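Q: The following block contains the structure, expressed as structure tokens.
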Amino acid sequence: MYDPTRLAALVAVAEAGSITQAAVRLGYTPPALSQQLAKLECEAGAALLVRHHRGTRLTAAGEVLATRARRVLDEMDQARHELARLSGLSGGRLRVGTFTTVGIHLLPPVLSAFRRAHPDVDLTVAEYEPPQGVLAVAAGDVDLALTHTYEPNEPAAVPAGAVLEPLLVEELVLVTSPGHALAGGSGRLPVEELAGQPLISSAPAHPPRKGVEGALARAGATPAVVCETPGYALVCALVSSGLGVAVVPEMVAAMSITPLGVRQLEPAAFRRTISVAHRGDESSPAAVSLRALLRGAFGRATG
């Protein structure tokens with residue numbers, strides 16, 4: 001493996017045209033730089049330099065190695081820059097997209113931890129109902145966005161320029177008013193037992209929920225109230241008042257501000273996956289740092 005210091009010496013000589021001028025640029029004495037170049041020639045197993053009365057030029061082997069050396073040194077500079085930003089992240093901004101449930105219940109402590117670690121980064125948060133957050137990442141409107149998908153459903157294509165990283169998978173559960181007959185049993189409730197039940201339907205035309213709504217309809221659940229916006233707080237309030245039952249994510253049921261009865265369903269194929277959309281290798285150091293915090297926080301939430 002070539003020593004990066006010696007590769008930098010070779011590039012400096014190629015650009016300066018002489019060992020003396022390259023030594024001045026690098027802060028070496030000419031003999032010290034010549035010694036580094038001699039060691040590099042031993043590593044390469046070929047003559048890299050030809051000295052003449054006007055200075056020094058590279059041999060064909062030297063030109064090949066110098067070209068590669070520039071790429072290596074550029075990559076190392078980029079790595080140093082990114083590591084420095086990750087450790088300090090002084091300045092800059094981070095634009096985060098989120099949907100309501102996670103934005104209220106899971107994101108705030110993560111952003112607080114990020115702010116403590118990187119107080120100089122400007123944070124902005126915007127609300128995007130899935131799948132709009134993924135589109136915002138692909139368009140460059142935000143640096144990353146929290147989004148969700150549901151099962152059963154047809155998987156949606158991820159737009160070019162965005163990558164989805166799953167963070168948390170949770171079941172969908174039945175919620176009822178307190179004391180409802182369906183909430184009192186033990187074990188999982190077969191979804192077929194929802195036949196004839198008045199259903200608070202959560203945005204049946206909303207893309208992430210289409211598959212779930214279709215499965216509930218095939219099971220015989222009868223829409224009683226349709227919430228045109230996918231706001232789970234409203235759904236839970238209507239359920240709590242006795243207007244019907246609903247199928248919502250576990251997190252929603254656990255954190256509802258209105259009293260509910262909760263029952264798991266059979267089969268356990270009704271699920272929601274929460275993911276973070278980002279730009280992959282093009283993500284900023286701030287976005288990479290926040291993604292690491294999200295993985296830790298959502299892992300604890302799953303536990």
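Chains: A, B, ... in order of the structure tokens. Residues: from 1 per chain. Ligands: from 1, in order shown.
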Which residues, written as an mmCIF file with N, CA and C atoms, in the first residue's frame, have at least one atom at most 12 Å from Thr149 in chain A, with only C-alpha atoms counted and residues fewer than 4 positions away on the same chain left out?
A:
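This went into part08.cif:
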data_model
loop_
_atom_site.group_PDB
_atom_site.id
_atom_site.type_symbol
_atom_site.label_atom_id
_atom_site.label_comp_id
_atom_site.auth_asym_id
_atom_site.auth_seq_id
_atom_site.Cartn_x
_atom_site.Cartn_y
_atom_site.Cartn_z
ATOM 1 N N PHE A 99 -44.515 13.132 9.224
ATOM 2 C CA PHE A 99 -45.975 13.083 9.278
ATOM 3 C C PHE A 99 -46.408 13.218 10.728
ATOM 4 N N GLU A 129 -47.779 14.632 4.528
ATOM 5 C CA GLU A 129 -48.544 13.407 4.644
ATOM 6 C C GLU A 129 -48.002 12.407 3.629
ATOM 7 N N PRO A 130 -47.600 11.199 4.066
ATOM 8 C CA PRO A 130 -47.047 10.220 3.122
ATOM 9 C C PRO A 130 -48.017 9.960 1.966
ATOM 10 N N PRO A 131 -47.459 9.777 0.771
ATOM 11 C CA PRO A 131 -46.029 9.643 0.440
ATOM 12 C C PRO A 131 -45.365 10.939 0.001
ATOM 13 N N GLN A 132 -45.938 12.094 0.331
ATOM 14 C CA GLN A 132 -45.412 13.357 -0.168
ATOM 15 C C GLN A 132 -44.001 13.653 0.343
ATOM 16 N N GLY A 133 -43.658 13.168 1.539
ATOM 17 C CA GLY A 133 -42.323 13.413 2.070
ATOM 18 C C GLY A 133 -41.232 12.785 1.232
ATOM 19 N N VAL A 134 -41.512 11.584 0.690
ATOM 20 C CA VAL A 134 -40.529 10.918 -0.164
ATOM 21 C C VAL A 134 -40.295 11.744 -1.430
ATOM 22 N N ASN A 153 -51.039 -3.872 1.012
ATOM 23 C CA ASN A 153 -51.105 -2.814 0.005
ATOM 24 C C ASN A 153 -50.123 -3.141 -1.096
ATOM 25 N N GLU A 154 -50.337 -2.563 -2.260
ATOM 26 C CA GLU A 154 -49.380 -2.697 -3.346
ATOM 27 C C GLU A 154 -48.194 -1.785 -3.062
ATOM 28 N N PRO A 155 -46.959 -2.302 -3.121
ATOM 29 C CA PRO A 155 -45.806 -1.442 -2.851
ATOM 30 C C PRO A 155 -45.700 -0.330 -3.882
ATOM 31 N N ALA A 156 -45.446 0.874 -3.401
ATOM 32 C CA ALA A 156 -45.297 2.029 -4.286
ATOM 33 C C ALA A 156 -43.848 2.162 -4.726
ATOM 34 N N ALA A 157 -43.645 2.624 -5.942
ATOM 35 C CA ALA A 157 -42.294 2.835 -6.454
ATOM 36 C C ALA A 157 -41.637 4.003 -5.730
ATOM 37 N N VAL A 158 -40.360 3.845 -5.395
ATOM 38 C CA VAL A 158 -39.591 4.923 -4.766
ATOM 39 C C VAL A 158 -38.984 5.777 -5.874
ATOM 40 N N LEU A 164 -35.302 4.557 0.817
ATOM 41 C CA LEU A 164 -36.100 4.308 2.016
ATOM 42 C C LEU A 164 -35.358 3.370 2.955
ATOM 43 N N GLU A 165 -35.239 3.764 4.216
ATOM 44 C CA GLU A 165 -34.609 2.935 5.246
ATOM 45 C C GLU A 165 -35.637 2.648 6.337
ATOM 46 N N PRO A 166 -36.120 1.400 6.458
ATOM 47 C CA PRO A 166 -37.114 1.079 7.495
ATOM 48 C C PRO A 166 -36.558 1.311 8.897
ATOM 49 N N LEU A 167 -37.406 1.855 9.772
ATOM 50 C CA LEU A 167 -37.002 2.124 11.149
ATOM 51 C C LEU A 167 -37.822 1.325 12.159
ATOM 52 N N LEU A 168 -39.102 1.125 11.874
ATOM 53 C CA LEU A 168 -39.988 0.522 12.861
ATOM 54 C C LEU A 168 -41.158 -0.124 12.135
ATOM 55 N N VAL A 169 -41.513 -1.342 12.544
ATOM 56 C CA VAL A 169 -42.692 -2.022 12.020
ATOM 57 C C VAL A 169 -43.655 -2.255 13.190
ATOM 58 N N GLU A 170 -44.903 -1.836 13.028
ATOM 59 C CA GLU A 170 -45.891 -2.014 14.094
ATOM 60 C C GLU A 170 -47.174 -2.614 13.516
ATOM 61 N N GLU A 171 -47.864 -3.376 14.344
ATOM 62 C CA GLU A 171 -49.139 -3.954 13.930
ATOM 63 C C GLU A 171 -50.231 -2.888 13.912
ATOM 64 N N LEU A 172 -51.249 -3.159 13.107
ATOM 65 C CA LEU A 172 -52.484 -2.392 13.190
ATOM 66 C C LEU A 172 -53.426 -3.136 14.132
ATOM 67 N N HIS A 206 -56.808 7.445 0.463
ATOM 68 C CA HIS A 206 -55.421 7.818 0.729
ATOM 69 C C HIS A 206 -54.510 6.661 0.338
ATOM 70 N N PRO A 207 -53.504 6.865 -0.511
ATOM 71 C CA PRO A 207 -52.720 5.747 -1.059
ATOM 72 C C PRO A 207 -52.200 4.754 -0.027
ATOM 73 N N PRO A 208 -51.587 5.193 1.091
ATOM 74 C CA PRO A 208 -51.043 4.179 2.004
ATOM 75 C C PRO A 208 -52.108 3.283 2.632
ATOM 76 N N ARG A 209 -53.375 3.759 2.728
ATOM 77 C CA ARG A 209 -54.403 2.999 3.428
ATOM 78 C C ARG A 209 -55.292 2.173 2.500
ATOM 79 N N LYS A 210 -55.112 2.293 1.197
ATOM 80 C CA LYS A 210 -56.050 1.648 0.278
ATOM 81 C C LYS A 210 -56.143 0.145 0.492
ATOM 82 N N GLY A 211 -55.002 -0.510 0.634
ATOM 83 C CA GLY A 211 -55.018 -1.952 0.809
ATOM 84 C C GLY A 211 -55.696 -2.376 2.094
ATOM 85 N N VAL A 212 -55.439 -1.649 3.179
ATOM 86 C CA VAL A 212 -56.065 -1.964 4.458
ATOM 87 C C VAL A 212 -57.571 -1.778 4.371
ATOM 88 N N PRO A 249 -52.678 2.050 13.811
ATOM 89 C CA PRO A 249 -51.393 1.550 14.294
ATOM 90 C C PRO A 249 -51.341 1.488 15.817
ATOM 91 N N PHE A 270 -51.776 -7.106 9.176
ATOM 92 C CA PHE A 270 -52.065 -5.682 9.077
ATOM 93 C C PHE A 270 -50.943 -4.935 9.798
ATOM 94 N N ARG A 271 -50.131 -4.227 9.034
ATOM 95 C CA ARG A 271 -48.938 -3.596 9.631
ATOM 96 C C ARG A 271 -48.673 -2.236 9.010
ATOM 97 N N ARG A 272 -47.918 -1.439 9.747
ATOM 98 C CA ARG A 272 -47.407 -0.173 9.226
ATOM 99 C C ARG A 272 -45.902 -0.142 9.431
ATOM 100 N N THR A 273 -45.180 0.198 8.380
ATOM 101 C CA THR A 273 -43.727 0.346 8.457
ATOM 102 C C THR A 273 -43.385 1.823 8.373
ATOM 103 N N ILE A 274 -42.674 2.313 9.376
ATOM 104 C CA ILE A 274 -42.200 3.701 9.386
ATOM 105 C C ILE A 274 -40.765 3.701 8.884
ATOM 106 N N SER A 275 -40.485 4.546 7.918
ATOM 107 C CA SER A 275 -39.164 4.606 7.292
ATOM 108 C C SER A 275 -38.687 6.045 7.245
ATOM 109 N N VAL A 276 -37.384 6.195 7.036
ATOM 110 C CA VAL A 276 -36.828 7.518 6.763
ATOM 111 C C VAL A 276 -36.369 7.523 5.312
ATOM 112 N N ALA A 277 -36.818 8.517 4.569
ATOM 113 C CA ALA A 277 -36.392 8.704 3.186
ATOM 114 C C ALA A 277 -35.219 9.669 3.175
#
Q: Excluding Gly45 in chain A and any residue of its chain fewer than 6 positions from it, enumerate the residues within 12 Å of it, using only C-alpha atoms, and give them as a VMD selection string.
A: chain A and resid 2 38 to 39 61 to 62 65
Q: Residues of the last selection are to be written out with C-alpha atoms, as a PDB file, in the first residue's frame.
A:
ATOM      1  CA  TYR A   2       1.347   3.392  -0.977  1.00  0.00           C
ATOM      2  CA  ALA A  38      13.011   7.496  -3.529  1.00  0.00           C
ATOM      3  CA  LYS A  39      10.976   5.373  -1.094  1.00  0.00           C
ATOM      4  CA  ALA A  61       5.055   5.204 -14.745  1.00  0.00           C
ATOM      5  CA  GLY A  62       5.141   8.413 -12.721  1.00  0.00           C
ATOM      6  CA  LEU A  65       0.750   6.818 -10.466  1.00  0.00           C
TER       7      LEU A  65
END
Q: Within 6 Å of range 114-123 of chain A, counting only C-alpha atoms, which residues qualify if same-chain residues fewer than 3 places away don't, as a VMD selection string?
A: chain A and resid 90 to 94 111
Q: Given the selection you just returned, output its residues as a file containing N, CA, C and O atoms, formatted as an mmCIF file, in the first residue's frame.
A:
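Okay, part-v2.cif is ready:
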data_model
loop_
_atom_site.group_PDB
_atom_site.id
_atom_site.type_symbol
_atom_site.label_atom_id
_atom_site.label_comp_id
_atom_site.auth_asym_id
_atom_site.auth_seq_id
_atom_site.Cartn_x
_atom_site.Cartn_y
_atom_site.Cartn_z
ATOM 1 N N SER A 90 -20.436 22.298 12.377
ATOM 2 C CA SER A 90 -20.572 23.717 12.688
ATOM 3 C C SER A 90 -21.250 24.412 11.521
ATOM 4 O O SER A 90 -20.750 24.417 10.407
ATOM 5 N N GLY A 91 -22.415 24.997 11.785
ATOM 6 C CA GLY A 91 -23.133 25.713 10.752
ATOM 7 C C GLY A 91 -23.921 24.790 9.854
ATOM 8 O O GLY A 91 -24.071 23.605 10.098
ATOM 9 N N GLY A 92 -24.466 25.366 8.809
ATOM 10 C CA GLY A 92 -25.287 24.611 7.880
ATOM 11 C C GLY A 92 -26.702 24.477 8.386
ATOM 12 O O GLY A 92 -27.097 25.038 9.409
ATOM 13 N N ARG A 93 -27.495 23.722 7.633
ATOM 14 C CA ARG A 93 -28.890 23.530 8.013
ATOM 15 C C ARG A 93 -29.323 22.111 7.720
ATOM 16 O O ARG A 93 -28.705 21.407 6.916
ATOM 17 N N LEU A 94 -30.383 21.697 8.363
ATOM 18 C CA LEU A 94 -30.965 20.375 8.163
ATOM 19 C C LEU A 94 -32.468 20.550 8.047
ATOM 20 O O LEU A 94 -33.126 21.061 8.959
ATOM 21 N N LEU A 111 -34.809 15.117 17.769
ATOM 22 C CA LEU A 111 -34.307 16.436 17.389
ATOM 23 C C LEU A 111 -33.638 17.147 18.569
ATOM 24 O O LEU A 111 -32.665 17.886 18.387
#
Q: Can you tell me, as number ranges by chain, what residues are no more than 7 Å from Pro30 in chain A when counting only C-alpha atoms, ignoring any on the same chain fewer than 4 positions away?
A: A: 19-20, 23, 34
Q: Output C-alpha atoms of each residue in that selection to a file, as a PDB file, in the first residue's frame.
A:
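Saved the output as out-v7.pdb:
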ATOM      1  CA  ILE A  19      11.751  19.001  -6.337  1.00  0.00           C
ATOM      2  CA  THR A  20      12.932  22.313  -4.890  1.00  0.00           C
ATOM      3  CA  ALA A  23       9.582  21.018  -1.202  1.00  0.00           C
ATOM      4  CA  SER A  34      13.919  13.448  -2.409  1.00  0.00           C
TER       5      SER A  34
END
Q: Have a look at CA of Gly185 in chain A and CA of Ser240 in chain A and let me know their distance in Å, one decimal.
A: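 Separation between CA of Gly185 in chain A and CA of Ser240 in chain A: 17.9 Å.
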Q: Using DSSP on the backbone, list every residue of range 20-256 of chain A that comes out as alpha helix (DSSP H), and give them as JSON, numbers by chain.
A: {"A": [20, 21, 22, 23, 24, 25, 26, 30, 31, 32, 33, 34, 35, 36, 37, 38, 39, 40, 41, 42, 43, 44, 60, 61, 62, 63, 64, 65, 66, 67, 68, 69, 70, 71, 72, 73, 74, 75, 76, 77, 78, 79, 80, 81, 82, 83, 84, 85, 86, 87, 88, 100, 101, 102, 103, 104, 105, 107, 108, 109, 110, 111, 112, 113, 114, 115, 116, 117, 132, 133, 134, 135, 136, 137, 138, 139, 210, 211, 212, 213, 214, 215, 216, 217, 218, 232, 233, 234, 235, 236, 237, 238, 239, 240, 250, 251, 252, 253, 254]}
Q: Deliver the residues from the most recent selection as a file, using C-alpha atoms, as a compact mmCIF listing (two decimals), in the first residue's frame.
A:
# COMPACT_ATOMS: atom_id res chain seq x y z
CA THR A 20 12.93 22.31 -4.89
CA GLN A 21 9.66 24.12 -5.58
CA ALA A 22 7.60 21.14 -4.46
CA ALA A 23 9.58 21.02 -1.20
CA VAL A 24 8.79 24.68 -0.54
CA ARG A 25 5.08 24.04 -1.18
CA LEU A 26 5.00 21.06 1.18
CA PRO A 30 14.69 19.25 -0.86
CA PRO A 31 16.79 16.33 0.49
CA ALA A 32 13.91 15.18 2.73
CA LEU A 33 11.47 15.30 -0.17
CA SER A 34 13.92 13.45 -2.41
CA GLN A 35 14.12 10.74 0.23
CA GLN A 36 10.30 10.36 0.26
CA LEU A 37 10.25 10.10 -3.53
CA ALA A 38 13.01 7.50 -3.53
CA LYS A 39 10.98 5.37 -1.09
CA LEU A 40 7.93 5.75 -3.32
CA GLU A 41 9.92 4.51 -6.31
CA CYS A 42 10.91 1.45 -4.29
CA GLU A 43 7.26 0.83 -3.43
CA ALA A 44 6.26 1.22 -7.07
CA ALA A 60 5.34 7.26 -17.95
CA ALA A 61 5.06 5.20 -14.75
CA GLY A 62 5.14 8.41 -12.72
CA GLU A 63 2.29 9.89 -14.78
CA VAL A 64 0.15 6.81 -14.21
CA LEU A 65 0.75 6.82 -10.47
CA ALA A 66 0.28 10.61 -10.17
CA THR A 67 -3.11 10.39 -11.89
CA ARG A 68 -4.27 7.74 -9.45
CA ALA A 69 -2.67 9.56 -6.54
CA ARG A 70 -4.74 12.69 -7.24
CA ARG A 71 -7.91 10.63 -6.97
CA VAL A 72 -6.79 9.00 -3.74
CA LEU A 73 -5.82 12.34 -2.20
CA ASP A 74 -9.10 13.93 -3.29
CA GLU A 75 -11.06 11.11 -1.66
CA MET A 76 -9.03 11.44 1.53
CA ASP A 77 -9.66 15.18 1.62
CA GLN A 78 -13.37 14.56 1.17
CA ALA A 79 -13.33 11.98 3.97
CA ARG A 80 -11.55 14.38 6.30
CA HIS A 81 -14.07 17.08 5.46
CA GLU A 82 -17.04 14.81 6.12
CA LEU A 83 -15.60 13.43 9.36
CA ALA A 84 -14.87 16.93 10.60
CA ARG A 85 -18.43 17.97 9.84
CA LEU A 86 -19.80 14.87 11.52
CA SER A 87 -17.84 15.51 14.67
CA GLY A 88 -18.50 19.23 14.81
CA THR A 100 -48.17 13.94 12.23
CA THR A 101 -48.07 10.83 14.43
CA VAL A 102 -44.30 10.45 14.46
CA GLY A 103 -43.81 14.22 14.46
CA ILE A 104 -45.67 14.42 17.76
CA HIS A 105 -44.65 11.24 19.54
CA LEU A 107 -39.38 12.92 16.51
CA PRO A 108 -39.10 15.68 19.18
CA PRO A 109 -36.68 13.83 21.53
CA VAL A 110 -34.55 12.84 18.54
CA LEU A 111 -34.31 16.44 17.39
CA SER A 112 -33.50 17.49 20.95
CA ALA A 113 -30.59 15.04 21.04
CA PHE A 114 -29.40 16.30 17.65
CA ARG A 115 -29.56 19.91 18.83
CA ARG A 116 -27.55 19.12 21.95
CA ALA A 117 -24.86 17.45 19.85
CA GLN A 132 -45.41 13.36 -0.17
CA GLY A 133 -42.32 13.41 2.07
CA VAL A 134 -40.53 10.92 -0.16
CA LEU A 135 -41.24 13.11 -3.18
CA ALA A 136 -39.92 16.14 -1.27
CA VAL A 137 -36.63 14.33 -0.61
CA ALA A 138 -36.31 13.34 -4.27
CA ALA A 139 -37.00 16.95 -5.30
CA LYS A 210 -56.05 1.65 0.28
CA GLY A 211 -55.02 -1.95 0.81
CA VAL A 212 -56.06 -1.96 4.46
CA GLU A 213 -59.44 -0.39 3.67
CA GLY A 214 -60.00 -2.96 0.92
CA ALA A 215 -59.21 -5.87 3.24
CA LEU A 216 -61.60 -4.54 5.89
CA ALA A 217 -64.34 -4.11 3.29
CA ARG A 218 -63.85 -7.72 2.11
CA TYR A 232 -55.85 9.52 13.61
CA ALA A 233 -56.63 11.82 16.54
CA LEU A 234 -60.03 12.51 14.99
CA VAL A 235 -60.56 8.82 14.21
CA CYS A 236 -59.85 7.85 17.81
CA ALA A 237 -62.15 10.57 19.16
CA LEU A 238 -65.02 9.33 16.98
CA VAL A 239 -64.38 5.73 18.06
CA SER A 240 -64.22 6.69 21.73
CA GLU A 250 -50.40 0.38 17.77
CA MET A 251 -48.62 3.67 18.44
CA VAL A 252 -51.79 5.60 17.72
CA ALA A 253 -53.85 3.44 20.04
CA ALA A 254 -51.30 3.61 22.87
